[in-house]
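Q: Would you mind keeping the following structure in view while I ask a few things?
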Amino acid sequence: MQFTLALAMTPPERILPLARAAEDAGWDSVCFPDSVFYPEQVSGEYPFTPDGKRFWADDSPFVDPLVGMPAVAAATQRVNLYTNVLKTPLREPLLVAKSLGSIAAMFPGRIGLGVGLSWIPEEFRWLGQEMKTRGKRLDEQIEIMRLVIAGGYVEYHGQHYDFDRLRMEPPASPDHPVPIYVGGHSEPGLRRAARVGDGWIGAQVTPDSLEPLIAGLRTELDAAGRAGDPFEIKATPIVPATVDDMAPLAAMGLTDVITVPWYFAGGDPNDFQHQLDSVAWFAEHVIHPLRDLEITP
């Protein structure tokens with residue numbers, strides 16, 4: 001099992017120190033969420049809370065993932081980085097591919113892309129994108145980004161995106177293709193992840209809710225003829241930060257725990273020193289002891 005430090009709603013000046021602390025403590029990855037802007041009034045419901053309300057304040061900072069990832073990569077040596085998740089249907093795929101390919105070329109083998117749909121109607125309307133086609137467009141976007149960042153001349157003729165032969169330089173390193181992780185708890189989301197993803201990213205999950213999701217992924221992987229392929233399963237588990245609580249998740253098939261340790265270590269979760277200390281605390285009390293266990297899904 002791997003562990004990812006989530007830098008959601010982190011003040012910009014804390015991102016690099018926290019990422020360095022994670023690398024020093026032995027975390028595997030750092031991930032960035034995506035929020036382009038905060039509509040004062042939202043006509044949709046947030047899908048991951050019981051009441052459909054956002055749980056973050058309107059002034060919560062969200063550093064652009066495609067800016068934050070190369071900044072952290074340049075300030076560290078080993079830790080991997082990915083988006084969790086980039087709301088790709090809000091963007092033109094060629095522009096995302098340009099940024100992604102450049103970052104991956106500069107930091108080969110360390111960059112991944114998590115993609116999701118977005119649930120906010122105002123984001124689509126004010127960015128000039130169509131919300132009702134977001135799923136089908138994401139399917140095409142994944143195909144386009146894989147083609148373009150692999151290098152050489154490519155063309156694409158789909159229902160929503162169409163272009164003749166072009167090439168984009170620099171591409172990602174051919175020895176280090178960029179993995180794409182697909183988000184979503186719905187049946188279409190699981191099916192998309194199994195069909196075209198290198199892995200799946202979930203949001204907050206309890207063990208009881210995670211088990212059927214993993215079972216669904218395995219069913220869809222089998223249906224797609226990919227049952228034996230490498231496939232990552234990433235999520236934020238709602239369990240105490242202990243080896244005893246994390247080990248069953250590894251046995252269940254979770255391959256990457258995405259978490260924010262300063263909510264588990266006691267103290268003020270908004271205090272910067274406490275955040276730094278909790279990164280090391282979590283590694284000492286959970287990550288390293290869990291790695292000493294031999295757990296087979």
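By convention in this document, the chains of the structure tokens carry letters A, B, ... by their order, each chain's residues are numbered from 1, and ligands are numbered from 1 in the order they are shown.
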Could you write out, as a PyMOL selection string, all the residues of range 99-193 of chain A that DSSP marks as alpha helix (DSSP H)?
A: chain A and resi 99-106+121-126+134-149+187-193
Q: Kindly assemble as CSV a list of the range 161-181 of chain A residues that lie within 10 Å of range 103-109 of chain A, each paired with its nearest atom pair and their distance in Å to one decimal, using only C-alpha atoms, sorted first by chain and then by ascending residue number.
A:
```
residue,atom,partner,partner_atom,distance
A:Glu169,CA,A:Ala105,CA,9.3
A:Pro170,CA,A:Ala105,CA,6.5
A:Pro171,CA,A:Ala105,CA,6.2
A:Ala172,CA,A:Ala105,CA,4.6
A:Ser173,CA,A:Ala105,CA,5.7
A:Pro174,CA,A:Pro108,CA,9.2
A:Asp175,CA,A:Gly109,CA,8.0
A:His176,CA,A:Gly109,CA,4.9
A:Pro177,CA,A:Gly109,CA,7.3
A:Val178,CA,A:Ala104,CA,7.1
A:Pro179,CA,A:Gly109,CA,9.4
```
Q: Limited to N, CA and C atoms, could you put the picked residues into a file as an mmCIF file, in the first residue's frame?
A:
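As a result, part19.cif now contains:
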```
data_model
loop_
_atom_site.group_PDB
_atom_site.id
_atom_site.type_symbol
_atom_site.label_atom_id
_atom_site.label_comp_id
_atom_site.auth_asym_id
_atom_site.auth_seq_id
_atom_site.Cartn_x
_atom_site.Cartn_y
_atom_site.Cartn_z
ATOM 1 N N GLU A 169 5.455 19.172 -28.763
ATOM 2 C CA GLU A 169 6.765 18.975 -28.153
ATOM 3 C C GLU A 169 6.903 19.831 -26.897
ATOM 4 N N PRO A 170 7.500 19.322 -25.839
ATOM 5 C CA PRO A 170 8.059 17.971 -25.728
ATOM 6 C C PRO A 170 6.990 16.970 -25.315
ATOM 7 N N PRO A 171 7.127 15.720 -25.747
ATOM 8 C CA PRO A 171 6.229 14.681 -25.244
ATOM 9 C C PRO A 171 6.733 14.159 -23.908
ATOM 10 N N ALA A 172 5.946 13.335 -23.278
ATOM 11 C CA ALA A 172 6.418 12.636 -22.090
ATOM 12 C C ALA A 172 7.492 11.638 -22.493
ATOM 13 N N SER A 173 8.339 11.266 -21.562
ATOM 14 C CA SER A 173 9.378 10.281 -21.847
ATOM 15 C C SER A 173 8.740 8.956 -22.246
ATOM 16 N N PRO A 174 9.193 8.344 -23.343
ATOM 17 C CA PRO A 174 8.616 7.055 -23.741
ATOM 18 C C PRO A 174 8.848 5.957 -22.710
ATOM 19 N N ASP A 175 9.857 6.114 -21.878
ATOM 20 C CA ASP A 175 10.130 5.130 -20.824
ATOM 21 C C ASP A 175 9.257 5.339 -19.595
ATOM 22 N N HIS A 176 8.568 6.483 -19.541
ATOM 23 C CA HIS A 176 7.753 6.804 -18.371
ATOM 24 C C HIS A 176 6.411 7.391 -18.820
ATOM 25 N N PRO A 177 5.523 6.580 -19.382
ATOM 26 C CA PRO A 177 4.208 7.097 -19.753
ATOM 27 C C PRO A 177 3.444 7.610 -18.538
ATOM 28 N N VAL A 178 2.602 8.600 -18.753
ATOM 29 C CA VAL A 178 1.856 9.223 -17.660
ATOM 30 C C VAL A 178 0.623 8.376 -17.340
ATOM 31 N N PRO A 179 0.525 7.829 -16.117
ATOM 32 C CA PRO A 179 -0.688 7.076 -15.776
ATOM 33 C C PRO A 179 -1.878 8.005 -15.618
#
```
Q: Which residues, written as a PDB file with C-alpha atoms, in the first residue's frame, have at least one atom at most 9 Å from range 20-22 of chain A, with only C-alpha atoms counted and residues fewer than 6 positions away on the same chain left out?
A:
```
ATOM      1  CA  THR A   4      -0.356  10.163  -0.697  1.00  0.00           C
ATOM      2  CA  LEU A   5      -0.383  13.487   1.119  1.00  0.00           C
ATOM      3  CA  ASP A  28       5.044   8.056  -1.781  1.00  0.00           C
ATOM      4  CA  SER A  29       3.137  10.893  -3.410  1.00  0.00           C
ATOM      5  CA  VAL A  30       1.589  14.317  -3.132  1.00  0.00           C
ATOM      6  CA  VAL A  72       6.726  20.520  -5.935  1.00  0.00           C
ATOM      7  CA  ALA A  75      11.569  21.308  -4.877  1.00  0.00           C
ATOM      8  CA  THR A  76      11.843  17.565  -4.211  1.00  0.00           C
ATOM      9  CA  GLN A  77      13.765  14.574  -5.579  1.00  0.00           C
ATOM     10  CA  VAL A  79       8.004  12.021  -4.352  1.00  0.00           C
ATOM     11  CA  LEU A 276       4.549  19.559   9.498  1.00  0.00           C
ATOM     12  CA  ASP A 277       4.804  17.452  12.650  1.00  0.00           C
ATOM     13  CA  VAL A 279       3.316  14.409   8.338  1.00  0.00           C
ATOM     14  CA  ALA A 280       6.222  12.768  10.179  1.00  0.00           C
ATOM     15  CA  ALA A 283       4.681   8.095   8.607  1.00  0.00           C
TER      16      ALA A 283
END
```
Q: If we count only C-alpha atoms, what is near Leu90 in chain A at a cut-off of 10 Å, once residues fewer than 6 positions away on the same chain are taken out, given as a ChimeraX atom specification?
A: /A:36,116-118,123-131,134,137-138
Q: Store the residues picked out above, limited to C-alpha atoms, as a PDB file, in the first residue's frame.
A:
```pdb
ATOM      1  CA  VAL A  36     -11.151  26.798 -10.784  1.00  0.00           C
ATOM      2  CA  GLY A 116     -13.013  13.621 -13.064  1.00  0.00           C
ATOM      3  CA  LEU A 117     -16.211  15.211 -14.330  1.00  0.00           C
ATOM      4  CA  SER A 118     -17.091  18.130 -12.002  1.00  0.00           C
ATOM      5  CA  GLU A 123     -18.257  25.963 -13.895  1.00  0.00           C
ATOM      6  CA  PHE A 124     -19.324  24.579 -17.246  1.00  0.00           C
ATOM      7  CA  ARG A 125     -21.529  27.521 -18.173  1.00  0.00           C
ATOM      8  CA  TRP A 126     -19.002  30.231 -17.285  1.00  0.00           C
ATOM      9  CA  LEU A 127     -16.091  28.394 -18.908  1.00  0.00           C
ATOM     10  CA  GLY A 128     -18.023  27.830 -22.122  1.00  0.00           C
ATOM     11  CA  GLN A 129     -18.251  24.033 -21.862  1.00  0.00           C
ATOM     12  CA  GLU A 130     -21.269  21.747 -22.096  1.00  0.00           C
ATOM     13  CA  MET A 131     -22.116  19.888 -18.910  1.00  0.00           C
ATOM     14  CA  ARG A 134     -19.011  15.814 -19.944  1.00  0.00           C
ATOM     15  CA  ARG A 137     -16.093  14.269 -23.757  1.00  0.00           C
ATOM     16  CA  LEU A 138     -13.921  12.903 -20.942  1.00  0.00           C
TER      17      LEU A 138
END
```
Q: Report, in Å with one decimal, the straight-line distance from CA of Ile144 in chain A to CA of Val67 in chain A.
A: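 These atoms are spaced 21.2 Å apart.
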Q: Of the residues A:Ile295, A:Met145, A:Ile214, A:Pro47, which is the one nearest to Val96 in chain A, using only C-alpha atoms?
A: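 So, comparing all the options, the nearest one is A:Met145.
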Q: Could you name the residues that touch Pro230 in chain A at 12 Å or less, counting only C-alpha atoms, but leaving out those on the same chain fewer than 5 positions away, as a tab-separated table (two decimals) with N, CA and C atoms, in the first residue's frame?
A:
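Everything below was put into around-v3.tsv:
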```
chain	number	residue	atom	x	y	z
A	179	PRO	N	0.52	7.83	-16.12
A	179	PRO	CA	-0.69	7.08	-15.78
A	179	PRO	C	-1.88	8.00	-15.62
A	194	ALA	N	-12.22	1.26	-15.50
A	194	ALA	CA	-11.79	-0.08	-15.88
A	194	ALA	C	-11.47	-0.18	-17.36
A	197	GLY	N	-8.65	3.51	-17.86
A	197	GLY	CA	-7.77	4.07	-16.85
A	197	GLY	C	-6.64	3.13	-16.45
A	198	ASP	N	-5.59	3.73	-15.90
A	198	ASP	CA	-4.53	2.96	-15.26
A	198	ASP	C	-4.85	2.75	-13.79
A	199	GLY	N	-5.94	3.31	-13.36
A	199	GLY	CA	-6.37	3.16	-11.98
A	199	GLY	C	-7.64	3.96	-11.75
A	200	TRP	N	-8.12	3.89	-10.52
A	200	TRP	CA	-9.35	4.58	-10.11
A	200	TRP	C	-9.05	5.42	-8.89
A	218	ARG	N	-13.51	-4.62	-10.08
A	218	ARG	CA	-13.01	-5.92	-10.54
A	218	ARG	C	-13.95	-6.54	-11.57
A	221	LEU	N	-13.32	-4.57	-14.76
A	221	LEU	CA	-12.03	-4.93	-15.35
A	221	LEU	C	-12.12	-6.26	-16.06
A	255	THR	N	-4.84	0.30	-2.96
A	255	THR	CA	-3.40	0.37	-3.21
A	255	THR	C	-2.77	1.69	-2.79
```
Q: When DSSP is applied to the backbone of this structure, which of range 37-215 of chain A are assigned strand (DSSP E or B)? Write them out as a ChimeraX atom specification.
A: /A:80-83,86-87,111-116,154-157,162-166,180-183,199-205
Q: Return the single residue from A:Tyr82, A:Tyr156, A:Phe32, A:Tyr263 that is closest to Gln141 in chain A, with distances computed using only C-alpha atoms.
A: A:Tyr156
Q: Work out how far apart CA of Glu122 in chain A and CA of Val42 in chain A are and give it in Å to one decimal.
A: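 Value for the CA of Glu122 in chain A-CA of Val42 in chain A distance: 6.8 Å.
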Q: Between A:Ala235, A:Val196, A:Ala25, A:Met168, which one has atoms that come closest to Val154 in chain A, using only C-alpha atoms?
A: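 With only C-alpha atoms as the atom set, the closest residue is A:Met168.
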